[in-house]
Amino acid sequence: MSIVHTNEEPSSQVYEQIPTSHYLVDSRKGPYYTGDFKMGLNFYSFSHNLSSWVNGSTDGAPPIDTMEVIRFAKEAGFDAVDITSYYIPGYDNYTMPTRSDEEIFEYARSIKKLCEELGIAISGTGVKNDFADPSDERRALDVKRVKYWIDVAAVMGAPVMRVFNGAVPEDIKDSNWETIARERIVPALRECAEYGAEKGVIIGMQNHGDMVCTADQVIRILNWVDHPNVGLINDSGFFKKFLECTGEGYAWYDDIEAVLPYTVNFQVKRKPAGANTDILVDLEELFTRIRYSNYRGYIPLETLWVNGDKDHPKDLSEPPFEQIKDFLGKMKAASESTKTLTK
């Protein structure tokens, strides 16, 4: 990413943020929720291991396949699984599927069947896409790809399709954030939302530290899309100032709370300022804020590792089962302890 450098903050040249406080004025009007939340496992928690399996690799992290992850999730005490489409054989990040429709849809049916047999729900799925790309052809292909995987989601029984907004494009320096969002991202999201509505699959736009980093950007885009079948995947690890590398020093809990009315699913990360930082999530703070909202859906966790992390999956003799169970235990404890309001 290349941005013109001046003495001003880079983001101020292309995007003027409406303060999060503006969106929090009318929050916390309802009763404080004291019930239970259902916890989910996002498959990307096993990304290194699943990639070894998908790629048929004998190097790196020990392989594990999609069906094994589902069985682990049930045994570990998760209520649901978020089955990222990357781990359905035939998926590709940049092209239409590399296997036949028959193979892919049969695998989706087998996922649904196993989950039904085990008694574990499917909370969602997701793809990689870039709706901010300057290329009309690239964006059109990504819309086509998303539609295909919406079909797969419907067969699999996944209620939400997770999509990205896209990387910050080079040409933003000759334009601005709003123009690119309105002209590229919004039409693509609306087309996917309309198609998803026909299939019974909600589109979940994820804030991913790319073209969407702030609560303000989330809310503006969703208001511009203006479609009942699109909402937010509330990613607790990616709220930050636009164009900043990490969220260090940013009031990310305020942003998480501000977008709760738009949230259709979650990704709870261990590190709210980013995977390359050392700050750990305050789960009691997070669950307290969620309890002030009307959100009652699944709360999936997603564990990430970067090079140099202790217990990185490539350094383990088996997939990171214990690390994931440990984080689940902490989430359950925080959910339980925040049932009684103390703050």
# chains A, B, ... in the order shown; residues from 1 in each chain; ligands from 1
call {"tool": "residues_around", "arguments": {"residues": "A:Phe46", "least_positions_apart": "5", "cutoff": "8 Å", "atoms": "only C-alpha atoms", "output": "number ranges by chain"}}
result
A: 303, 319-320
call {"tool": "write_last_selection", "arguments": {"atoms": "all heavy atoms", "output": "compact mmCIF listing (two decimals), in the first residue's frame"}}
result
# COMPACT_ATOMS: atom_id res chain seq x y z
N THR A 303 -8.63 -17.75 17.08
CA THR A 303 -7.27 -17.61 17.56
C THR A 303 -6.32 -17.44 16.37
O THR A 303 -6.44 -18.13 15.36
CB THR A 303 -6.83 -18.84 18.38
OG1 THR A 303 -7.05 -20.02 17.60
CG2 THR A 303 -7.63 -18.95 19.67
N PRO A 319 -2.22 -30.25 16.45
CA PRO A 319 -2.93 -28.96 16.34
C PRO A 319 -3.14 -28.31 17.71
O PRO A 319 -3.12 -29.00 18.74
CB PRO A 319 -4.25 -29.35 15.68
CG PRO A 319 -3.92 -30.58 14.88
CD PRO A 319 -2.93 -31.33 15.73
N PRO A 320 -3.34 -27.00 17.75
CA PRO A 320 -3.40 -26.27 19.04
C PRO A 320 -4.71 -26.47 19.81
O PRO A 320 -5.40 -25.52 20.17
CB PRO A 320 -3.24 -24.81 18.59
CG PRO A 320 -3.84 -24.78 17.22
CD PRO A 320 -3.45 -26.10 16.60
call {"tool": "residues_around", "arguments": {"residues": "A:Glu285", "least_positions_apart": "4", "cutoff": "12 Å", "atoms": "only C-alpha atoms", "output": "list in words"}}
result
Ser236, Trp252, Tyr253, Asp254, Ile256, Glu257, Pro272, Leu280, Val281, Arg289, Ile290, Arg291, Tyr292, Met331, Ala334, Ser335, Ser337, Thr338, Leu341, Thr342 and Lys343 of chain A
call {"tool": "residues_around", "arguments": {"residues": "A:Gly166", "least_positions_apart": "6", "cutoff": "10 Å", "atoms": "only C-alpha atoms", "output": "ChimeraX atom specification"}}
result
/A:128-133,139,181,184-185,206-212
call {"tool": "closest_residue", "arguments": {"among": "A:Pro89, A:Glu106, A:Pro63, A:Ser45", "to": "A:Arg270", "atoms": "only C-alpha atoms"}}
result
A:Ser45
call {"tool": "closest_residue", "arguments": {"among": "A:Tyr94, A:Phe238, A:Tyr148, A:Tyr44", "to": "A:Gly196", "atoms": "only C-alpha atoms"}}
result
A:Tyr148
